[in-house]
$ cat query_13.cif   # mmCIF, C-alpha atoms; chains and numbers go by the auth columns
data_coords
loop_
_atom_site.group_PDB
_atom_site.id
_atom_site.type_symbol
_atom_site.label_atom_id
_atom_site.label_comp_id
_atom_site.label_asym_id
_atom_site.label_seq_id
_atom_site.Cartn_x
_atom_site.Cartn_y
_atom_site.Cartn_z
_atom_site.B_iso_or_equiv
_atom_site.auth_seq_id
_atom_site.auth_asym_id
ATOM 1 C CA MET A 1 61.126 -2.603 -143.913 0.00 1 A
ATOM 2 C CA THR A 2 61.988 0.463 -141.899 0.00 2 A
ATOM 3 C CA ALA A 3 65.022 0.849 -139.680 0.00 3 A
ATOM 4 C CA PRO A 4 64.406 0.709 -135.942 0.00 4 A
ATOM 5 C CA THR A 5 64.282 4.055 -134.250 0.00 5 A
ATOM 6 C CA ALA A 6 66.715 4.767 -131.459 0.00 6 A
ATOM 7 C CA ASP A 7 65.382 5.696 -128.064 0.00 7 A
ATOM 8 C CA PRO A 8 66.092 9.318 -127.238 0.00 8 A
ATOM 9 C CA PRO A 9 68.605 9.850 -124.457 0.00 9 A
ATOM 10 C CA ARG A 10 67.371 10.731 -121.007 0.00 10 A
ATOM 11 C CA VAL A 11 68.019 14.437 -120.364 0.00 11 A
ATOM 12 C CA GLY A 12 68.847 16.119 -117.090 0.00 12 A
ATOM 13 C CA VAL A 13 70.986 18.779 -115.462 0.00 13 A
ATOM 14 C CA HIS A 14 74.017 18.273 -113.230 0.00 14 A
ATOM 15 C CA ILE A 15 74.246 20.806 -110.399 0.00 15 A
ATOM 16 C CA ALA A 16 77.681 21.705 -109.027 0.00 16 A
ATOM 17 C CA GLU A 17 78.831 24.492 -106.757 0.00 17 A
ATOM 18 C CA ASP A 18 80.511 27.188 -108.870 0.00 18 A
ATOM 19 C CA LEU A 19 83.700 27.683 -106.866 0.00 19 A
ATOM 20 C CA ASP A 20 85.150 30.092 -109.465 0.00 20 A
ATOM 21 C CA TYR A 21 82.264 32.467 -108.814 0.00 21 A
ATOM 22 C CA TYR A 22 83.678 33.369 -105.411 0.00 22 A
ATOM 23 C CA ALA A 23 87.073 34.361 -106.845 0.00 23 A
ATOM 24 C CA ALA A 24 86.248 37.440 -108.890 0.00 24 A
ATOM 25 C CA PRO A 25 82.696 38.731 -108.581 0.00 25 A
ATOM 26 C CA LEU A 26 81.654 40.922 -111.479 0.00 26 A
ATOM 27 C CA GLY A 27 78.786 43.302 -111.822 0.00 27 A
ATOM 28 C CA ASP A 28 76.973 45.830 -109.720 0.00 28 A
ATOM 29 C CA PRO A 29 78.843 46.301 -106.395 0.00 29 A
ATOM 30 C CA GLU A 30 75.555 46.457 -104.454 0.00 30 A
ATOM 31 C CA ILE A 31 74.416 43.124 -105.897 0.00 31 A
ATOM 32 C CA VAL A 32 77.833 41.568 -105.237 0.00 32 A
ATOM 33 C CA ALA A 33 77.679 42.800 -101.622 0.00 33 A
ATOM 34 C CA GLU A 34 74.177 41.341 -101.213 0.00 34 A
ATOM 35 C CA GLU A 35 75.281 38.013 -102.709 0.00 35 A
ATOM 36 C CA ARG A 36 78.314 37.871 -100.382 0.00 36 A
ATOM 37 C CA ARG A 37 76.062 38.493 -97.348 0.00 37 A
ATOM 38 C CA HIS A 38 73.857 35.587 -98.407 0.00 38 A
ATOM 39 C CA PHE A 39 76.898 33.380 -99.109 0.00 39 A
ATOM 40 C CA ALA A 40 78.247 34.157 -95.637 0.00 40 A
ATOM 41 C CA ASP A 41 74.997 33.201 -93.909 0.00 41 A
ATOM 42 C CA GLY A 42 74.576 30.077 -96.086 0.00 42 A
ATOM 43 C CA THR A 43 71.259 31.013 -97.676 0.00 43 A
ATOM 44 C CA TRP A 44 72.553 31.459 -101.246 0.00 44 A
ATOM 45 C CA THR A 45 75.107 29.547 -103.302 0.00 45 A
ATOM 46 C CA PRO A 46 76.429 30.000 -106.848 0.00 46 A
ATOM 47 C CA TYR A 47 75.881 26.918 -108.991 0.00 47 A
ATOM 48 C CA LEU A 48 77.067 25.745 -112.369 0.00 48 A
ATOM 49 C CA LEU A 49 74.360 23.892 -114.257 0.00 49 A
ATOM 50 C CA CYS A 50 75.402 21.499 -117.001 0.00 50 A
ATOM 51 C CA THR A 51 73.027 19.715 -119.356 0.00 51 A
ATOM 52 C CA VAL A 52 73.471 15.932 -119.166 0.00 52 A
ATOM 53 C CA VAL A 53 72.325 13.169 -121.496 0.00 53 A
ATOM 54 C CA GLU A 54 72.258 9.478 -120.648 0.00 54 A
ATOM 55 C CA CYS A 55 73.111 7.149 -123.518 0.00 55 A
ATOM 56 C CA PRO A 56 70.125 4.842 -124.115 0.00 56 A
ATOM 57 C CA HIS A 57 72.490 2.046 -125.161 0.00 57 A
ATOM 58 C CA CYS A 58 75.172 2.001 -122.460 0.00 58 A
ATOM 59 C CA GLY A 59 73.750 4.174 -119.649 0.00 59 A
ATOM 60 C CA HIS A 60 76.828 6.406 -119.476 0.00 60 A
ATOM 61 C CA HIS A 61 76.331 10.092 -118.711 0.00 61 A
ATOM 62 C CA TYR A 62 77.599 12.792 -121.054 0.00 62 A
ATOM 63 C CA THR A 63 77.537 16.569 -121.000 0.00 63 A
ATOM 64 C CA THR A 64 76.698 18.915 -123.798 0.00 64 A
ATOM 65 C CA ASP A 65 77.971 22.477 -124.195 0.00 65 A
ATOM 66 C CA ALA A 66 74.845 23.843 -122.519 0.00 66 A
ATOM 67 C CA LEU A 67 76.014 25.510 -119.314 0.00 67 A
ATOM 68 C CA ALA A 68 74.419 28.057 -117.069 0.00 68 A
ATOM 69 C CA GLY A 69 75.560 29.786 -113.925 0.00 69 A
ATOM 70 C CA VAL A 70 73.032 30.855 -111.319 0.00 70 A
ATOM 71 C CA VAL A 71 73.032 32.277 -107.814 0.00 71 A
ATOM 72 C CA VAL A 72 70.060 30.901 -105.912 0.00 72 A
ATOM 73 C CA GLU A 73 68.929 29.738 -102.517 0.00 73 A
ATOM 74 C CA THR A 74 71.130 26.931 -101.259 0.00 74 A
ATOM 75 C CA THR A 75 69.828 23.537 -102.382 0.00 75 A
ATOM 76 C CA SER A 76 70.370 19.949 -101.348 0.00 76 A
ATOM 77 C CA LEU A 77 70.488 19.019 -105.052 0.00 77 A
ATOM 78 C CA VAL A 78 74.166 20.022 -105.368 0.00 78 A
ATOM 79 C CA ASP A 79 76.414 17.347 -106.918 0.00 79 A
ATOM 80 C CA SER A 80 73.462 15.483 -108.354 0.00 80 A
ATOM 81 C CA ILE A 81 71.725 15.076 -111.695 0.00 81 A
ATOM 82 C CA VAL A 82 68.118 16.186 -111.840 0.00 82 A
ATOM 83 C CA TRP A 83 66.343 14.339 -114.659 0.00 83 A
ATOM 84 C CA ALA A 84 63.501 15.771 -116.746 0.00 84 A
ATOM 85 C CA ASN A 85 60.899 13.560 -115.050 0.00 85 A
ATOM 86 C CA ASP A 86 62.002 14.442 -111.497 0.00 86 A
ATOM 87 C CA PRO A 87 58.913 15.438 -109.488 0.00 87 A
ATOM 88 C CA ARG A 88 61.019 17.974 -107.553 0.00 88 A
ATOM 89 C CA LEU A 89 60.929 20.196 -110.652 0.00 89 A
ATOM 90 C CA ALA A 90 57.193 20.762 -110.267 0.00 90 A
ATOM 91 C CA ASP A 91 57.563 24.049 -108.363 0.00 91 A
ATOM 92 C CA ALA A 92 56.840 26.632 -111.057 0.00 92 A
ATOM 93 C CA ASP A 93 57.954 29.502 -108.812 0.00 93 A
ATOM 94 C CA ASP A 94 61.379 28.114 -107.849 0.00 94 A
ATOM 95 C CA TYR A 95 64.080 29.992 -109.802 0.00 95 A
ATOM 96 C CA LEU A 96 66.527 27.055 -109.829 0.00 96 A
ATOM 97 C CA HIS A 97 63.831 24.684 -111.075 0.00 97 A
ATOM 98 C CA VAL A 98 62.926 27.119 -113.855 0.00 98 A
ATOM 99 C CA GLN A 99 66.563 27.276 -114.978 0.00 99 A
ATOM 100 C CA ILE A 100 66.860 23.473 -114.923 0.00 100 A
ATOM 101 C CA ARG A 101 63.617 23.008 -116.870 0.00 101 A
ATOM 102 C CA ASP A 102 64.778 25.576 -119.468 0.00 102 A
ATOM 103 C CA LEU A 103 68.067 23.723 -120.051 0.00 103 A
ATOM 104 C CA ILE A 104 66.265 20.378 -120.312 0.00 104 A
ATOM 105 C CA HIS A 105 63.675 21.795 -122.721 0.00 105 A
ATOM 106 C CA THR A 106 66.388 23.315 -124.904 0.00 106 A
ATOM 107 C CA GLU A 107 68.201 19.966 -125.168 0.00 107 A
ATOM 108 C CA GLN A 108 64.989 18.059 -125.852 0.00 108 A
ATOM 109 C CA ALA A 109 63.863 20.553 -128.513 0.00 109 A
ATOM 110 C CA ASN A 110 67.258 20.641 -130.248 0.00 110 A
ATOM 111 C CA PRO A 111 69.244 17.529 -129.244 0.00 111 A
ATOM 112 C CA THR A 112 73.013 17.668 -129.282 0.00 112 A
ATOM 113 C CA PRO A 113 74.372 15.020 -131.691 0.00 113 A
ATOM 114 C CA PRO A 114 76.044 12.096 -129.874 0.00 114 A
ATOM 115 C CA THR A 115 79.285 12.900 -131.693 0.00 115 A
ATOM 116 C CA GLU A 116 79.431 16.131 -129.634 0.00 116 A
ATOM 117 C CA TRP A 117 78.777 14.559 -126.229 0.00 117 A
ATOM 118 C CA VAL A 118 81.604 14.786 -123.683 0.00 118 A
ATOM 119 C CA PRO A 119 81.899 12.241 -120.848 0.00 119 A
ATOM 120 C CA LEU A 120 80.608 13.681 -117.581 0.00 120 A
ATOM 121 C CA PRO A 121 83.583 14.059 -115.253 0.00 121 A
ATOM 122 C CA THR A 122 83.404 12.020 -112.084 0.00 122 A
ATOM 123 C CA THR A 123 84.845 13.132 -108.801 0.00 123 A
#

$ encode --input "query_13.cif" --output "structure tokens"
Amino acid sequence: MTAPTADPPRVGVHIAEDLDYYAAPLGDPEIVAEERRHFADGTWTPYLLCTVVECPHCGHHYTTDALAGVVVETTSLVDSIVWANDPRLADADDYLHVQIRDLIHTEQANPTPPTEWVPLPTT
């Protein structure tokens, strides 16, 4: 008799505004100036992307150490979790969607052990 296999956790990405990004911009001054112009007119926002897993047993959400920071066009997805099967990720040309899909793929290809999951903070 074989042991039952556990369902894999659902994988997604939590999107939060990266408020620390505004404090001390680093890098090319021309790029920083361009980013600040876009921030001021509301077309771009810095985001912190965090890989999330959902426990198949209890439904709680946990983060892994997979983080990414991006500056992209402002999105309505902020403060939400975008799951791997979300149809909104279908746009192959959207930079934010590409970053989200890459984080999800990385977690699915090399899952973080449950012993390393950290509870997703709630606000």

$ resolve_selection --input "query_13.cif" --expression "the PyMOL selection byres ((chain A and resi 84) around 10)" --output "ChimeraX atom specification"
/A:10-13,81-83,85-89,100-101,103-105,108

$ resolve_selection --input "query_13.cif" --expression "the PyMOL selection byres ((chain A and resi 43) around 12)" --output "ChimeraX atom specification"
/A:34-42,44-46,71-76

$ atom_distance --input "query_13.cif" --atom1 "CA of Pro121 in chain A" --atom2 "CA of Pro56 in chain A"
18.6 Å

$ resolve_selection --input "query_13.cif" --expression "the PyMOL selection byres ((chain A and resi 49) around 6)" --output "PyMOL selection string"
chain A and resi 14-15+48+50+67-68

$ atom_distance --input "query_13.cif" --atom1 "CA of Pro119 in chain A" --atom2 "CA of Glu54 in chain A"
10.0 Å

$ closest_residue --input "query_13.cif" --among "A:Ala16, A:Ile31, A:Cys55, A:Leu77" --to "Thr115 in chain A" --atoms "all atoms listed in the file"
A:Cys55

$ decode --input "query_13.cif" --residues "range 16-122 of chain A" --atoms "C-alpha atoms" --output "PDB file, in the first residue's frame"
ATOM      1  CA  ALA A  16       2.009  45.527  -2.281  1.00  0.00           C
ATOM      2  CA  GLU A  17       3.092  49.095  -2.860  1.00  0.00           C
ATOM      3  CA  ASP A  18       6.806  49.404  -2.046  1.00  0.00           C
ATOM      4  CA  LEU A  19       6.725  52.478   0.183  1.00  0.00           C
ATOM      5  CA  ASP A  20      10.451  52.177   1.007  1.00  0.00           C
ATOM      6  CA  TYR A  21      11.263  52.675  -2.665  1.00  0.00           C
ATOM      7  CA  TYR A  22      10.273  56.332  -2.463  1.00  0.00           C
ATOM      8  CA  ALA A  23      12.651  57.038   0.438  1.00  0.00           C
ATOM      9  CA  ALA A  24      16.060  56.585  -1.147  1.00  0.00           C
ATOM     10  CA  PRO A  25      16.082  56.030  -4.898  1.00  0.00           C
ATOM     11  CA  LEU A  26      19.257  54.398  -6.141  1.00  0.00           C
ATOM     12  CA  GLY A  27      20.662  54.128  -9.600  1.00  0.00           C
ATOM     13  CA  ASP A  28      20.978  56.261 -12.673  1.00  0.00           C
ATOM     14  CA  PRO A  29      19.803  59.833 -11.872  1.00  0.00           C
ATOM     15  CA  GLU A  30      18.041  60.116 -15.252  1.00  0.00           C
ATOM     16  CA  ILE A  31      16.049  56.937 -14.606  1.00  0.00           C
ATOM     17  CA  VAL A  32      15.221  58.069 -11.061  1.00  0.00           C
ATOM     18  CA  ALA A  33      14.011  61.425 -12.433  1.00  0.00           C
ATOM     19  CA  GLU A  34      11.852  59.651 -15.031  1.00  0.00           C
ATOM     20  CA  GLU A  35      10.399  57.326 -12.382  1.00  0.00           C
ATOM     21  CA  ARG A  36       9.598  60.286 -10.095  1.00  0.00           C
ATOM     22  CA  ARG A  37       7.786  62.061 -12.964  1.00  0.00           C
ATOM     23  CA  HIS A  38       5.661  58.962 -13.519  1.00  0.00           C
ATOM     24  CA  PHE A  39       5.045  58.566  -9.768  1.00  0.00           C
ATOM     25  CA  ALA A  40       3.904  62.192  -9.586  1.00  0.00           C
ATOM     26  CA  ASP A  41       1.413  61.791 -12.432  1.00  0.00           C
ATOM     27  CA  GLY A  42       0.179  58.424 -11.086  1.00  0.00           C
ATOM     28  CA  THR A  43       1.097  56.307 -14.100  1.00  0.00           C
ATOM     29  CA  TRP A  44       3.839  54.245 -12.413  1.00  0.00           C
ATOM     30  CA  THR A  45       4.141  52.737  -8.942  1.00  0.00           C
ATOM     31  CA  PRO A  46       6.880  50.707  -7.239  1.00  0.00           C
ATOM     32  CA  TYR A  47       5.628  47.336  -6.029  1.00  0.00           C
ATOM     33  CA  LEU A  48       6.976  44.604  -3.812  1.00  0.00           C
ATOM     34  CA  LEU A  49       6.044  41.161  -5.079  1.00  0.00           C
ATOM     35  CA  CYS A  50       6.039  38.283  -2.617  1.00  0.00           C
ATOM     36  CA  THR A  51       5.510  34.641  -3.523  1.00  0.00           C
ATOM     37  CA  VAL A  52       2.562  33.154  -1.613  1.00  0.00           C
ATOM     38  CA  VAL A  53       1.535  29.551  -1.029  1.00  0.00           C
ATOM     39  CA  GLU A  54      -1.843  28.419   0.255  1.00  0.00           C
ATOM     40  CA  CYS A  55      -1.767  25.398   2.547  1.00  0.00           C
ATOM     41  CA  PRO A  56      -3.876  22.637   0.959  1.00  0.00           C
ATOM     42  CA  HIS A  57      -4.897  21.421   4.421  1.00  0.00           C
ATOM     43  CA  CYS A  58      -5.923  24.580   6.280  1.00  0.00           C
ATOM     44  CA  GLY A  59      -6.213  27.253   3.558  1.00  0.00           C
ATOM     45  CA  HIS A  60      -3.892  29.684   5.344  1.00  0.00           C
ATOM     46  CA  HIS A  61      -1.595  31.850   3.235  1.00  0.00           C
ATOM     47  CA  TYR A  62       2.166  31.816   3.727  1.00  0.00           C
ATOM     48  CA  THR A  63       5.051  33.644   2.111  1.00  0.00           C
ATOM     49  CA  THR A  64       8.333  32.245   0.965  1.00  0.00           C
ATOM     50  CA  ASP A  65      11.616  34.148   0.716  1.00  0.00           C
ATOM     51  CA  ALA A  66      10.986  34.868  -2.963  1.00  0.00           C
ATOM     52  CA  LEU A  67      10.652  38.640  -3.253  1.00  0.00           C
ATOM     53  CA  ALA A  68      10.946  40.980  -6.169  1.00  0.00           C
ATOM     54  CA  GLY A  69      10.691  44.723  -6.497  1.00  0.00           C
ATOM     55  CA  VAL A  70       9.416  46.266  -9.710  1.00  0.00           C
ATOM     56  CA  VAL A  71       8.453  49.690 -10.999  1.00  0.00           C
ATOM     57  CA  VAL A  72       5.597  49.334 -13.461  1.00  0.00           C
ATOM     58  CA  GLU A  73       2.439  50.982 -14.674  1.00  0.00           C
ATOM     59  CA  THR A  74       0.014  51.497 -11.817  1.00  0.00           C
ATOM     60  CA  THR A  75      -2.250  48.474 -11.356  1.00  0.00           C
ATOM     61  CA  SER A  76      -5.522  47.780  -9.610  1.00  0.00           C
ATOM     62  CA  LEU A  77      -4.034  44.484  -8.377  1.00  0.00           C
ATOM     63  CA  VAL A  78      -2.243  46.182  -5.454  1.00  0.00           C
ATOM     64  CA  ASP A  79      -2.900  44.584  -2.044  1.00  0.00           C
ATOM     65  CA  SER A  80      -4.162  41.392  -3.615  1.00  0.00           C
ATOM     66  CA  ILE A  81      -2.899  37.892  -4.320  1.00  0.00           C
ATOM     67  CA  VAL A  82      -2.762  36.874  -7.954  1.00  0.00           C
ATOM     68  CA  TRP A  83      -2.930  33.077  -8.207  1.00  0.00           C
ATOM     69  CA  ALA A  84      -1.228  30.998 -10.902  1.00  0.00           C
ATOM     70  CA  ASN A  85      -4.527  30.229 -12.650  1.00  0.00           C
ATOM     71  CA  ASP A  86      -5.690  33.870 -12.747  1.00  0.00           C
ATOM     72  CA  PRO A  87      -6.794  34.689 -16.308  1.00  0.00           C
ATOM     73  CA  ARG A  88      -5.495  38.256 -15.866  1.00  0.00           C
ATOM     74  CA  LEU A  89      -1.965  36.860 -16.233  1.00  0.00           C
ATOM     75  CA  ALA A  90      -2.591  35.945 -19.866  1.00  0.00           C
ATOM     76  CA  ASP A  91      -1.080  39.157 -21.269  1.00  0.00           C
ATOM     77  CA  ALA A  92       2.350  37.999 -22.429  1.00  0.00           C
ATOM     78  CA  ASP A  93       3.503  41.573 -23.069  1.00  0.00           C
ATOM     79  CA  ASP A  94       2.628  43.026 -19.648  1.00  0.00           C
ATOM     80  CA  TYR A  95       5.843  43.474 -17.622  1.00  0.00           C
ATOM     81  CA  LEU A  96       4.129  43.020 -14.236  1.00  0.00           C
ATOM     82  CA  HIS A  97       2.418  39.836 -15.409  1.00  0.00           C
ATOM     83  CA  VAL A  98       5.744  38.468 -16.653  1.00  0.00           C
ATOM     84  CA  GLN A  99       7.345  39.113 -13.257  1.00  0.00           C
ATOM     85  CA  ILE A 100       4.428  37.452 -11.443  1.00  0.00           C
ATOM     86  CA  ARG A 101       4.487  34.415 -13.744  1.00  0.00           C
ATOM     87  CA  ASP A 102       8.272  34.076 -13.242  1.00  0.00           C
ATOM     88  CA  LEU A 103       7.916  34.041  -9.439  1.00  0.00           C
ATOM     89  CA  ILE A 104       5.070  31.517  -9.617  1.00  0.00           C
ATOM     90  CA  HIS A 105       7.008  29.280 -12.016  1.00  0.00           C
ATOM     91  CA  THR A 106      10.084  29.382  -9.787  1.00  0.00           C
ATOM     92  CA  GLU A 107       8.048  28.292  -6.747  1.00  0.00           C
ATOM     93  CA  GLN A 108       6.251  25.564  -8.683  1.00  0.00           C
ATOM     94  CA  ALA A 109       9.502  24.229 -10.172  1.00  0.00           C
ATOM     95  CA  ASN A 110      11.355  24.267  -6.839  1.00  0.00           C
ATOM     96  CA  PRO A 111       8.794  24.352  -3.999  1.00  0.00           C
ATOM     97  CA  THR A 112       9.771  25.890  -0.696  1.00  0.00           C
ATOM     98  CA  PRO A 113       9.441  23.279   2.085  1.00  0.00           C
ATOM     99  CA  PRO A 114       6.477  23.965   4.406  1.00  0.00           C
ATOM    100  CA  THR A 115       8.901  24.218   7.326  1.00  0.00           C
ATOM    101  CA  GLU A 116      10.227  27.434   5.714  1.00  0.00           C
ATOM    102  CA  TRP A 117       6.853  29.085   5.092  1.00  0.00           C
ATOM    103  CA  VAL A 118       6.163  32.311   7.000  1.00  0.00           C
ATOM    104  CA  PRO A 119       2.583  33.426   7.736  1.00  0.00           C
ATOM    105  CA  LEU A 120       1.484  36.158   5.339  1.00  0.00           C
ATOM    106  CA  PRO A 121       1.073  39.345   7.360  1.00  0.00           C
ATOM    107  CA  THR A 122      -2.418  40.775   7.400  1.00  0.00           C
TER     108      THR A 122
END
